[in-house]
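A.B. asks: Sharing query.cif here; it has mmCIF, C-alpha atoms; chains and numbers go by the auth columns.
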```
data_final
#
loop_
_atom_site.group_PDB
_atom_site.id
_atom_site.type_symbol
_atom_site.label_atom_id
_atom_site.label_comp_id
_atom_site.label_asym_id
_atom_site.label_seq_id
_atom_site.Cartn_x
_atom_site.Cartn_y
_atom_site.Cartn_z
_atom_site.B_iso_or_equiv
_atom_site.auth_seq_id
_atom_site.auth_asym_id
ATOM 1 C CA MET A 1 -22.686 -9.394 -11.732 0.00 2 A
ATOM 2 C CA ALA A 2 -19.276 -7.985 -12.587 0.00 3 A
ATOM 3 C CA TYR A 3 -15.897 -8.587 -10.962 0.00 4 A
ATOM 4 C CA TRP A 4 -13.226 -6.043 -10.070 0.00 5 A
ATOM 5 C CA LEU A 5 -9.833 -5.631 -8.470 0.00 6 A
ATOM 6 C CA MET A 6 -9.267 -2.678 -6.159 0.00 7 A
ATOM 7 C CA LYS A 7 -5.780 -1.694 -5.053 0.00 8 A
ATOM 8 C CA SER A 8 -4.833 0.078 -1.875 0.00 9 A
ATOM 9 C CA GLU A 9 -1.570 0.688 -0.125 0.00 10 A
ATOM 10 C CA PRO A 10 -2.032 -1.053 3.221 0.00 11 A
ATOM 11 C CA PHE A 11 -0.400 1.764 5.183 0.00 12 A
ATOM 12 C CA LYS A 12 -3.152 4.069 3.838 0.00 13 A
ATOM 13 C CA TYR A 13 -6.139 1.696 3.849 0.00 14 A
ATOM 14 C CA SER A 14 -5.801 -2.035 4.389 0.00 15 A
ATOM 15 C CA TRP A 15 -8.055 -5.072 4.352 0.00 16 A
ATOM 16 C CA ASP A 16 -7.998 -4.965 8.169 0.00 17 A
ATOM 17 C CA ASP A 17 -9.183 -1.330 8.054 0.00 18 A
ATOM 18 C CA LEU A 18 -12.146 -2.334 5.867 0.00 19 A
ATOM 19 C CA VAL A 19 -12.992 -5.236 8.183 0.00 20 A
ATOM 20 C CA ALA A 20 -12.824 -2.943 11.237 0.00 21 A
ATOM 21 C CA GLU A 21 -15.154 -0.419 9.584 0.00 22 A
ATOM 22 C CA GLY A 22 -17.604 -3.023 8.323 0.00 23 A
ATOM 23 C CA GLU A 23 -18.312 -0.834 5.292 0.00 24 A
ATOM 24 C CA GLY A 24 -15.800 1.474 3.673 0.00 25 A
ATOM 25 C CA THR A 25 -15.892 4.193 1.042 0.00 26 A
ATOM 26 C CA TRP A 26 -13.560 3.725 -1.915 0.00 27 A
ATOM 27 C CA ASP A 27 -12.655 7.322 -2.595 0.00 28 A
ATOM 28 C CA GLY A 28 -9.676 9.433 -3.576 0.00 29 A
ATOM 29 C CA VAL A 29 -9.329 7.888 -7.053 0.00 30 A
ATOM 30 C CA ARG A 30 -7.996 10.479 -9.495 0.00 31 A
ATOM 31 C CA ASN A 31 -7.538 8.515 -12.694 0.00 32 A
ATOM 32 C CA TYR A 32 -10.179 8.747 -15.415 0.00 33 A
ATOM 33 C CA GLN A 33 -10.159 5.080 -16.384 0.00 34 A
ATOM 34 C CA ALA A 34 -10.375 3.993 -12.732 0.00 35 A
ATOM 35 C CA ARG A 35 -13.207 6.516 -12.234 0.00 36 A
ATOM 36 C CA ASN A 36 -15.056 5.007 -15.191 0.00 37 A
ATOM 37 C CA ASN A 37 -14.626 1.575 -13.624 0.00 38 A
ATOM 38 C CA LEU A 38 -16.041 2.855 -10.332 0.00 39 A
ATOM 39 C CA ALA A 39 -18.989 4.373 -12.230 0.00 40 A
ATOM 40 C CA ALA A 40 -19.636 1.004 -13.905 0.00 41 A
ATOM 41 C CA MET A 41 -19.914 -0.857 -10.591 0.00 42 A
ATOM 42 C CA ARG A 42 -23.294 -2.048 -9.378 0.00 43 A
ATOM 43 C CA VAL A 43 -24.552 -3.169 -5.975 0.00 44 A
ATOM 44 C CA GLY A 44 -23.680 -6.842 -5.558 0.00 45 A
ATOM 45 C CA ASP A 45 -20.601 -6.761 -7.774 0.00 46 A
ATOM 46 C CA GLU A 46 -17.616 -8.435 -6.157 0.00 47 A
ATOM 47 C CA ALA A 47 -14.054 -7.187 -5.958 0.00 48 A
ATOM 48 C CA PHE A 48 -10.696 -8.485 -4.917 0.00 49 A
ATOM 49 C CA PHE A 49 -8.903 -6.322 -2.351 0.00 50 A
ATOM 50 C CA TYR A 50 -5.254 -6.009 -3.383 0.00 51 A
ATOM 51 C CA HIS A 51 -2.480 -4.674 -1.176 0.00 52 A
ATOM 52 C CA SER A 52 -0.188 -2.610 -3.390 0.00 53 A
ATOM 53 C CA ARG A 53 3.370 -1.417 -2.672 0.00 54 A
ATOM 54 C CA GLU A 54 3.540 -3.558 0.491 0.00 55 A
ATOM 55 C CA GLY A 55 2.643 -7.209 0.186 0.00 56 A
ATOM 56 C CA LEU A 56 1.707 -7.095 -3.498 0.00 57 A
ATOM 57 C CA GLU A 57 -1.077 -9.618 -3.002 0.00 58 A
ATOM 58 C CA ILE A 58 -4.807 -10.148 -3.188 0.00 59 A
ATOM 59 C CA VAL A 59 -5.937 -10.595 0.396 0.00 60 A
ATOM 60 C CA GLY A 60 -9.740 -10.594 0.362 0.00 61 A
ATOM 61 C CA VAL A 61 -13.058 -10.419 -1.418 0.00 62 A
ATOM 62 C CA CYS A 62 -15.483 -7.569 -0.906 0.00 63 A
ATOM 63 C CA THR A 63 -18.931 -6.705 -2.208 0.00 64 A
ATOM 64 C CA ILE A 64 -20.091 -3.375 -3.597 0.00 65 A
ATOM 65 C CA SER A 65 -22.787 -2.213 -1.177 0.00 66 A
ATOM 66 C CA VAL A 66 -23.526 1.275 -2.554 0.00 67 A
ATOM 67 C CA ALA A 67 -22.781 2.311 -6.133 0.00 68 A
ATOM 68 C CA GLY A 68 -22.944 5.563 -8.061 0.00 69 A
ATOM 69 C CA ILE A 69 -21.963 8.038 -5.364 0.00 70 A
ATOM 70 C CA LYS A 70 -19.821 11.117 -5.714 0.00 71 A
ATOM 71 C CA ASP A 71 -16.443 11.051 -4.039 0.00 72 A
ATOM 72 C CA PRO A 72 -16.827 12.824 -0.680 0.00 73 A
ATOM 73 C CA THR A 73 -13.176 13.941 -0.836 0.00 74 A
ATOM 74 C CA ASP A 74 -13.727 15.757 -4.158 0.00 75 A
ATOM 75 C CA GLU A 75 -14.905 19.364 -4.056 0.00 76 A
ATOM 76 C CA THR A 76 -15.327 19.522 -7.858 0.00 77 A
ATOM 77 C CA GLY A 77 -17.979 16.784 -7.989 0.00 78 A
ATOM 78 C CA LYS A 78 -16.423 15.057 -11.007 0.00 79 A
ATOM 79 C CA TRP A 79 -14.972 11.991 -9.270 0.00 80 A
ATOM 80 C CA ASP A 80 -16.904 8.876 -8.306 0.00 81 A
ATOM 81 C CA ALA A 81 -16.781 6.502 -5.354 0.00 82 A
ATOM 82 C CA VAL A 82 -18.491 3.365 -4.076 0.00 83 A
ATOM 83 C CA LYS A 83 -19.066 1.760 -0.721 0.00 84 A
ATOM 84 C CA LEU A 84 -17.961 -1.795 -0.121 0.00 85 A
ATOM 85 C CA LYS A 85 -18.196 -4.439 2.561 0.00 86 A
ATOM 86 C CA PRO A 86 -15.717 -7.192 3.326 0.00 87 A
ATOM 87 C CA GLN A 87 -16.981 -10.614 2.339 0.00 88 A
ATOM 88 C CA ALA A 88 -14.112 -13.004 3.039 0.00 89 A
ATOM 89 C CA LYS A 89 -10.396 -13.020 3.665 0.00 90 A
ATOM 90 C CA LEU A 90 -8.609 -15.342 1.241 0.00 91 A
ATOM 91 C CA ALA A 91 -7.392 -18.550 2.854 0.00 92 A
ATOM 92 C CA ASN A 92 -4.044 -17.938 1.141 0.00 93 A
ATOM 93 C CA PRO A 93 -3.244 -14.494 -0.294 0.00 94 A
ATOM 94 C CA VAL A 94 -2.483 -14.588 -4.020 0.00 95 A
ATOM 95 C CA THR A 95 0.724 -12.738 -4.763 0.00 96 A
ATOM 96 C CA LEU A 96 1.592 -10.708 -7.809 0.00 97 A
ATOM 97 C CA ALA A 97 4.391 -13.198 -8.477 0.00 98 A
ATOM 98 C CA GLN A 98 1.858 -16.058 -8.557 0.00 99 A
ATOM 99 C CA ILE A 99 -0.376 -14.100 -10.926 0.00 100 A
ATOM 100 C CA LYS A 100 2.529 -13.319 -13.264 0.00 101 A
ATOM 101 C CA ALA A 101 3.615 -16.978 -13.217 0.00 102 A
ATOM 102 C CA GLU A 102 0.137 -18.256 -14.084 0.00 103 A
ATOM 103 C CA ALA A 103 -0.138 -18.517 -17.894 0.00 104 A
ATOM 104 C CA ARG A 104 -3.949 -18.400 -17.721 0.00 105 A
ATOM 105 C CA LEU A 105 -3.682 -14.883 -16.245 0.00 106 A
ATOM 106 C CA SER A 106 -1.304 -13.440 -18.839 0.00 107 A
ATOM 107 C CA ASP A 107 -3.896 -10.906 -20.039 0.00 108 A
ATOM 108 C CA ILE A 108 -5.183 -9.757 -16.622 0.00 109 A
ATOM 109 C CA ALA A 109 -5.547 -5.973 -16.257 0.00 110 A
ATOM 110 C CA LEU A 110 -3.476 -6.053 -13.059 0.00 111 A
ATOM 111 C CA ILE A 111 -0.440 -6.820 -15.212 0.00 112 A
ATOM 112 C CA ARG A 112 -1.402 -5.013 -18.437 0.00 113 A
ATOM 113 C CA GLN A 113 -2.362 -1.793 -16.639 0.00 114 A
ATOM 114 C CA SER A 114 -0.250 -2.054 -13.525 0.00 115 A
ATOM 115 C CA ARG A 115 -0.789 1.559 -12.417 0.00 116 A
ATOM 116 C CA LEU A 116 -4.597 1.361 -12.543 0.00 117 A
ATOM 117 C CA SER A 117 -6.080 1.246 -9.031 0.00 118 A
ATOM 118 C CA VAL A 118 -9.502 -0.110 -10.018 0.00 119 A
ATOM 119 C CA CYS A 119 -9.699 -2.611 -12.851 0.00 120 A
ATOM 120 C CA PRO A 120 -12.119 -5.203 -14.228 0.00 121 A
ATOM 121 C CA ILE A 121 -11.590 -8.914 -13.736 0.00 122 A
ATOM 122 C CA THR A 122 -13.154 -11.471 -16.068 0.00 123 A
ATOM 123 C CA PRO A 123 -15.182 -14.337 -14.576 0.00 124 A
ATOM 124 C CA ARG A 124 -12.455 -16.775 -15.733 0.00 125 A
ATOM 125 C CA GLU A 125 -9.721 -14.711 -14.056 0.00 126 A
ATOM 126 C CA TRP A 126 -11.848 -14.526 -10.909 0.00 127 A
ATOM 127 C CA ASP A 127 -12.162 -18.314 -10.758 0.00 128 A
ATOM 128 C CA ILE A 128 -8.441 -18.855 -11.405 0.00 129 A
ATOM 129 C CA ILE A 129 -7.458 -16.467 -8.603 0.00 130 A
ATOM 130 C CA LEU A 130 -9.860 -18.159 -6.183 0.00 131 A
ATOM 131 C CA GLU A 131 -8.342 -21.509 -7.232 0.00 132 A
ATOM 132 C CA LEU A 132 -4.830 -20.161 -6.506 0.00 133 A
ATOM 133 C CA SER A 133 -5.925 -18.931 -3.077 0.00 134 A
ATOM 134 C CA ASP A 134 -6.911 -22.429 -2.008 0.00 135 A
ATOM 135 C CA LEU A 135 -3.567 -24.018 -2.914 0.00 136 A
#
```
The structure given in the file should be rewritten as structure tokens.
C.D. replies:
Amino acid sequence: MAYWLMKSEPFKYSWDDLVAEGEGTWDGVRNYQARNNLAAMRVGDEAFFYHSREGLEIVGVCTISVAGIKDPTDETGKWDAVKLKPQAKLANPVTLAQIKAEARLSDIALIRQSRLSVCPITPREWDIILELSDL
């Protein structure tokens, strides 16, 4: 299993939107590295749901339910998408400020590649973030 972080602006698509749908499609990504990350996802992989621009925090955990699909919003057929289901809302959202202040997360892709909307998370980073959410 692999771990990911997926960013969305909450006014466009929020954690609450995903929960209301029950299963959402992560589409509209138009960055090649993020597309490659979407293509690498497998059913059962887990991802953090991060609210960008507003909130700047990880708010939930979701599971990839369908992998390897073409983006339904793309007429060219070159962009990928996945479907995901909400798994759990974090007891305490983990803010970007907390992540930046945590020395053990100094190399996390969220900071190194701050404009990337879909990025990998190492198992160690995953555990640290879950630890921070329970504080």
A.B. asks: Work out how far CA of Ala104 (chain A) is from CA of Ser15 (chain A), in Å to one decimal.
C.D. replies: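 If I compute the distance from CA of Ser15 (chain A) to CA of Ala104 (chain A), I get 28.3 Å.
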A.B. asks: Running the PyMOL selection byres ((chain A and resi 128-130) around 10) on this model by hand, what would come out? Give it as a ChimeraX atom specification.
C.D. replies: /A:49,59,91,94-96,99-100,103,105-106,122-127,131-135
A.B. asks: Between A:Thr64, A:Asn93, A:Asn32, A:Gln114, which residue has the minimum interatomic distance to Asp81 (chain A), considering all atoms listed in the file?
C.D. replies: A:Asn32
A.B. asks: Using all atoms listed in the file, which of A:Arg36, A:Lys84, A:Lys90, A:Arg54 sits nearest Trp16 (chain A)?
C.D. replies: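 Among the listed residues, the smallest separation from Trp16 (chain A) belongs to A:Lys90.
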A.B. asks: Any idea what's packed within 10 Å of Pro73 (chain A), counting all atoms listed in the file, ignoring anything in its chain fewer than 6 positions away? Could you give it as a compact mmCIF listing (two decimals) with C-alpha atoms, keeping the file's coordinate frame?
C.D. replies:
```txt
# COMPACT_ATOMS: atom_id res chain seq x y z
CA THR A 26 -15.89 4.19 1.04
CA TRP A 27 -13.56 3.72 -1.92
CA ASP A 28 -12.66 7.32 -2.60
CA GLY A 29 -9.68 9.43 -3.58
CA TRP A 80 -14.97 11.99 -9.27
CA ASP A 81 -16.90 8.88 -8.31
CA ALA A 82 -16.78 6.50 -5.35
```
A.B. asks: Mind giving me the straight-line distance from CA of Glu55 (chain A) to CA of Arg113 (chain A) in Å, one decimal?
C.D. replies: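 Computing the Euclidean distance for CA of Glu55 (chain A) and CA of Arg113 (chain A) yields 19.6 Å.
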A.B. asks: Using all atoms listed in the file, determine which residues lie at most 10 Å from Gly23 (chain A), disregarding the query and same-chain residues fewer than 4 positions distant; provide the list as a tab-separated table (two decimals) with C-alpha atoms, in the coordinates of the input.
C.D. replies:
```tsv
chain	number	residue	atom	x	y	z
A	17	ASP	CA	-8.00	-4.96	8.17
A	18	ASP	CA	-9.18	-1.33	8.05
A	19	LEU	CA	-12.15	-2.33	5.87
A	85	LEU	CA	-17.96	-1.80	-0.12
A	86	LYS	CA	-18.20	-4.44	2.56
A	87	PRO	CA	-15.72	-7.19	3.33
A	88	GLN	CA	-16.98	-10.61	2.34
```
A.B. asks: Please provide as a list in words all residues within 9 Å of Met2 (chain A), with the sequence filter that same-chain residues fewer than 5 positions apart are discarded (counting all atoms listed in the file).
C.D. replies: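 Result of the neighbour search: Arg43, Val44, Gly45, Asp46 and Glu47 of chain A.
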A.B. asks: I need the output of the PyMOL selection byres ((chain A and resi 117) around 9) for this file as a PyMOL selection string; which residues are they?
C.D. replies: chain A and resi 7-8+32+34-35+110-111+114-116+118-120
A.B. asks: Which residue is closest to Ala68 (chain A)? Choose from A:Ser9, A:Val83, A:Ala3, A:Asn38 and count all atoms listed in the file.
C.D. replies: A:Val83
A.B. asks: For a test of reading the model, state the distance in Å between CA of Ile70 (chain A) and CA of Ala41 (chain A), rounded to one decimal.
C.D. replies: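 Separation between CA of Ile70 (chain A) and CA of Ala41 (chain A): 11.3 Å.
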A.B. asks: Pull out region 62-98 of chain A, keep N, CA and C atoms, and write it as a PDB file, in the first residue's frame.
C.D. replies:
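What follows is the written file result_27.pdb:
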```
ATOM      1  N   VAL A  62      -8.817  11.330   6.086  1.00  0.00           N
ATOM      2  CA  VAL A  62      -8.154  10.219   5.406  1.00  0.00           C
ATOM      3  C   VAL A  62      -9.167   9.587   4.465  1.00  0.00           C
ATOM      4  N   CYS A  63      -8.728   9.344   3.243  1.00  0.00           N
ATOM      5  CA  CYS A  63      -9.593   8.672   2.275  1.00  0.00           C
ATOM      6  C   CYS A  63      -8.858   7.479   1.661  1.00  0.00           C
ATOM      7  N   THR A  64      -9.614   6.634   1.015  1.00  0.00           N
ATOM      8  CA  THR A  64      -9.081   5.424   0.399  1.00  0.00           C
ATOM      9  C   THR A  64      -9.354   5.461  -1.096  1.00  0.00           C
ATOM     10  N   ILE A  65      -8.369   5.063  -1.881  1.00  0.00           N
ATOM     11  CA  ILE A  65      -8.556   4.986  -3.328  1.00  0.00           C
ATOM     12  C   ILE A  65      -9.455   3.789  -3.608  1.00  0.00           C
ATOM     13  N   SER A  66     -10.593   4.043  -4.234  1.00  0.00           N
ATOM     14  CA  SER A  66     -11.572   2.981  -4.493  1.00  0.00           C
ATOM     15  C   SER A  66     -11.541   2.498  -5.940  1.00  0.00           C
ATOM     16  N   VAL A  67     -11.157   3.359  -6.864  1.00  0.00           N
ATOM     17  CA  VAL A  67     -11.017   2.989  -8.275  1.00  0.00           C
ATOM     18  C   VAL A  67      -9.773   3.706  -8.791  1.00  0.00           C
ATOM     19  N   ALA A  68      -8.865   2.954  -9.373  1.00  0.00           N
ATOM     20  CA  ALA A  68      -7.621   3.538  -9.888  1.00  0.00           C
ATOM     21  C   ALA A  68      -7.561   3.369 -11.406  1.00  0.00           C
ATOM     22  N   GLY A  69      -6.675   4.164 -12.017  1.00  0.00           N
ATOM     23  CA  GLY A  69      -6.390   3.973 -13.440  1.00  0.00           C
ATOM     24  C   GLY A  69      -7.499   4.380 -14.383  1.00  0.00           C
ATOM     25  N   ILE A  70      -8.255   5.420 -14.047  1.00  0.00           N
ATOM     26  CA  ILE A  70      -9.296   5.863 -14.972  1.00  0.00           C
ATOM     27  C   ILE A  70      -8.858   7.157 -15.651  1.00  0.00           C
ATOM     28  N   LYS A  71      -9.429   7.407 -16.787  1.00  0.00           N
ATOM     29  CA  LYS A  71      -9.169   8.656 -17.496  1.00  0.00           C
ATOM     30  C   LYS A  71     -10.043   9.750 -16.898  1.00  0.00           C
ATOM     31  N   ASP A  72      -9.505  10.932 -16.875  1.00  0.00           N
ATOM     32  CA  ASP A  72     -10.204  12.083 -16.311  1.00  0.00           C
ATOM     33  C   ASP A  72     -11.443  12.388 -17.153  1.00  0.00           C
ATOM     34  N   PRO A  73     -12.632  12.314 -16.560  1.00  0.00           N
ATOM     35  CA  PRO A  73     -13.851  12.564 -17.332  1.00  0.00           C
ATOM     36  C   PRO A  73     -14.007  14.021 -17.769  1.00  0.00           C
ATOM     37  N   THR A  74     -13.212  14.925 -17.211  1.00  0.00           N
ATOM     38  CA  THR A  74     -13.289  16.334 -17.617  1.00  0.00           C
ATOM     39  C   THR A  74     -12.306  16.663 -18.738  1.00  0.00           C
ATOM     40  N   ASP A  75     -11.550  15.657 -19.195  1.00  0.00           N
ATOM     41  CA  ASP A  75     -10.508  15.866 -20.201  1.00  0.00           C
ATOM     42  C   ASP A  75     -10.915  15.272 -21.540  1.00  0.00           C
ATOM     43  N   GLU A  76     -11.093  16.122 -22.530  1.00  0.00           N
ATOM     44  CA  GLU A  76     -11.480  15.659 -23.864  1.00  0.00           C
ATOM     45  C   GLU A  76     -10.308  15.070 -24.640  1.00  0.00           C
ATOM     46  N   THR A  77      -9.071  15.337 -24.221  1.00  0.00           N
ATOM     47  CA  THR A  77      -7.902  14.839 -24.953  1.00  0.00           C
ATOM     48  C   THR A  77      -7.556  13.406 -24.583  1.00  0.00           C
ATOM     49  N   GLY A  78      -7.998  12.945 -23.411  1.00  0.00           N
ATOM     50  CA  GLY A  78      -7.715  11.585 -22.973  1.00  0.00           C
ATOM     51  C   GLY A  78      -6.319  11.377 -22.410  1.00  0.00           C
ATOM     52  N   LYS A  79      -5.581  12.453 -22.156  1.00  0.00           N
ATOM     53  CA  LYS A  79      -4.207  12.281 -21.659  1.00  0.00           C
ATOM     54  C   LYS A  79      -4.074  12.470 -20.148  1.00  0.00           C
ATOM     55  N   TRP A  80      -5.146  12.857 -19.476  1.00  0.00           N
ATOM     56  CA  TRP A  80      -5.069  13.107 -18.039  1.00  0.00           C
ATOM     57  C   TRP A  80      -5.782  12.012 -17.271  1.00  0.00           C
ATOM     58  N   ASP A  81      -5.239  11.674 -16.109  1.00  0.00           N
ATOM     59  CA  ASP A  81      -5.747  10.580 -15.297  1.00  0.00           C
ATOM     60  C   ASP A  81      -6.573  11.082 -14.120  1.00  0.00           C
ATOM     61  N   ALA A  82      -7.318  10.156 -13.536  1.00  0.00           N
ATOM     62  CA  ALA A  82      -8.139  10.451 -12.360  1.00  0.00           C
ATOM     63  C   ALA A  82      -8.251   9.170 -11.536  1.00  0.00           C
ATOM     64  N   VAL A  83      -8.755   9.305 -10.334  1.00  0.00           N
ATOM     65  CA  VAL A  83      -9.080   8.169  -9.478  1.00  0.00           C
ATOM     66  C   VAL A  83     -10.394   8.468  -8.772  1.00  0.00           C
ATOM     67  N   LYS A  84     -10.978   7.437  -8.214  1.00  0.00           N
ATOM     68  CA  LYS A  84     -12.124   7.613  -7.337  1.00  0.00           C
ATOM     69  C   LYS A  84     -11.651   7.317  -5.917  1.00  0.00           C
ATOM     70  N   LEU A  85     -12.240   8.029  -4.964  1.00  0.00           N
ATOM     71  CA  LEU A  85     -11.853   7.847  -3.582  1.00  0.00           C
ATOM     72  C   LEU A  85     -13.064   7.932  -2.680  1.00  0.00           C
ATOM     73  N   LYS A  86     -12.933   7.280  -1.532  1.00  0.00           N
ATOM     74  CA  LYS A  86     -13.994   7.273  -0.529  1.00  0.00           C
ATOM     75  C   LYS A  86     -13.438   7.813   0.782  1.00  0.00           C
ATOM     76  N   PRO A  87     -14.255   8.573   1.500  1.00  0.00           N
ATOM     77  CA  PRO A  87     -13.798   9.049   2.806  1.00  0.00           C
ATOM     78  C   PRO A  87     -13.669   7.881   3.775  1.00  0.00           C
ATOM     79  N   GLN A  88     -12.624   7.902   4.554  1.00  0.00           N
ATOM     80  CA  GLN A  88     -12.420   6.853   5.554  1.00  0.00           C
ATOM     81  C   GLN A  88     -12.663   7.395   6.958  1.00  0.00           C
ATOM     82  N   ALA A  89     -12.000   8.518   7.276  1.00  0.00           N
ATOM     83  CA  ALA A  89     -12.162   9.087   8.616  1.00  0.00           C
ATOM     84  C   ALA A  89     -11.756  10.548   8.624  1.00  0.00           C
ATOM     85  N   LYS A  90     -12.518  11.342   9.350  1.00  0.00           N
ATOM     86  CA  LYS A  90     -12.134  12.725   9.596  1.00  0.00           C
ATOM     87  C   LYS A  90     -11.105  12.707  10.718  1.00  0.00           C
ATOM     88  N   LEU A  91     -10.053  13.514  10.595  1.00  0.00           N
ATOM     89  CA  LEU A  91      -9.052  13.564  11.660  1.00  0.00           C
ATOM     90  C   LEU A  91      -9.660  14.171  12.918  1.00  0.00           C
ATOM     91  N   ALA A  92      -9.316  13.597  14.059  1.00  0.00           N
ATOM     92  CA  ALA A  92      -9.807  14.114  15.334  1.00  0.00           C
ATOM     93  C   ALA A  92      -9.421  15.583  15.491  1.00  0.00           C
ATOM     94  N   ASN A  93      -8.202  15.907  15.089  1.00  0.00           N
ATOM     95  CA  ASN A  93      -7.696  17.278  15.116  1.00  0.00           C
ATOM     96  C   ASN A  93      -7.002  17.531  13.776  1.00  0.00           C
ATOM     97  N   PRO A  94      -7.500  18.457  12.964  1.00  0.00           N
ATOM     98  CA  PRO A  94      -6.814  18.745  11.706  1.00  0.00           C
ATOM     99  C   PRO A  94      -5.348  19.097  11.961  1.00  0.00           C
ATOM    100  N   VAL A  95      -4.487  18.713  11.030  1.00  0.00           N
ATOM    101  CA  VAL A  95      -3.062  19.007  11.136  1.00  0.00           C
ATOM    102  C   VAL A  95      -2.763  20.145  10.175  1.00  0.00           C
ATOM    103  N   THR A  96      -2.347  21.264  10.733  1.00  0.00           N
ATOM    104  CA  THR A  96      -2.145  22.464   9.926  1.00  0.00           C
ATOM    105  C   THR A  96      -0.782  22.460   9.235  1.00  0.00           C
ATOM    106  N   LEU A  97      -0.701  23.271   8.208  1.00  0.00           N
ATOM    107  CA  LEU A  97       0.571  23.446   7.515  1.00  0.00           C
ATOM    108  C   LEU A  97       1.617  23.992   8.480  1.00  0.00           C
ATOM    109  N   ALA A  98       1.223  24.879   9.362  1.00  0.00           N
ATOM    110  CA  ALA A  98       2.158  25.424  10.353  1.00  0.00           C
ATOM    111  C   ALA A  98       2.714  24.321  11.252  1.00  0.00           C
TER     112      ALA A  98
END
```
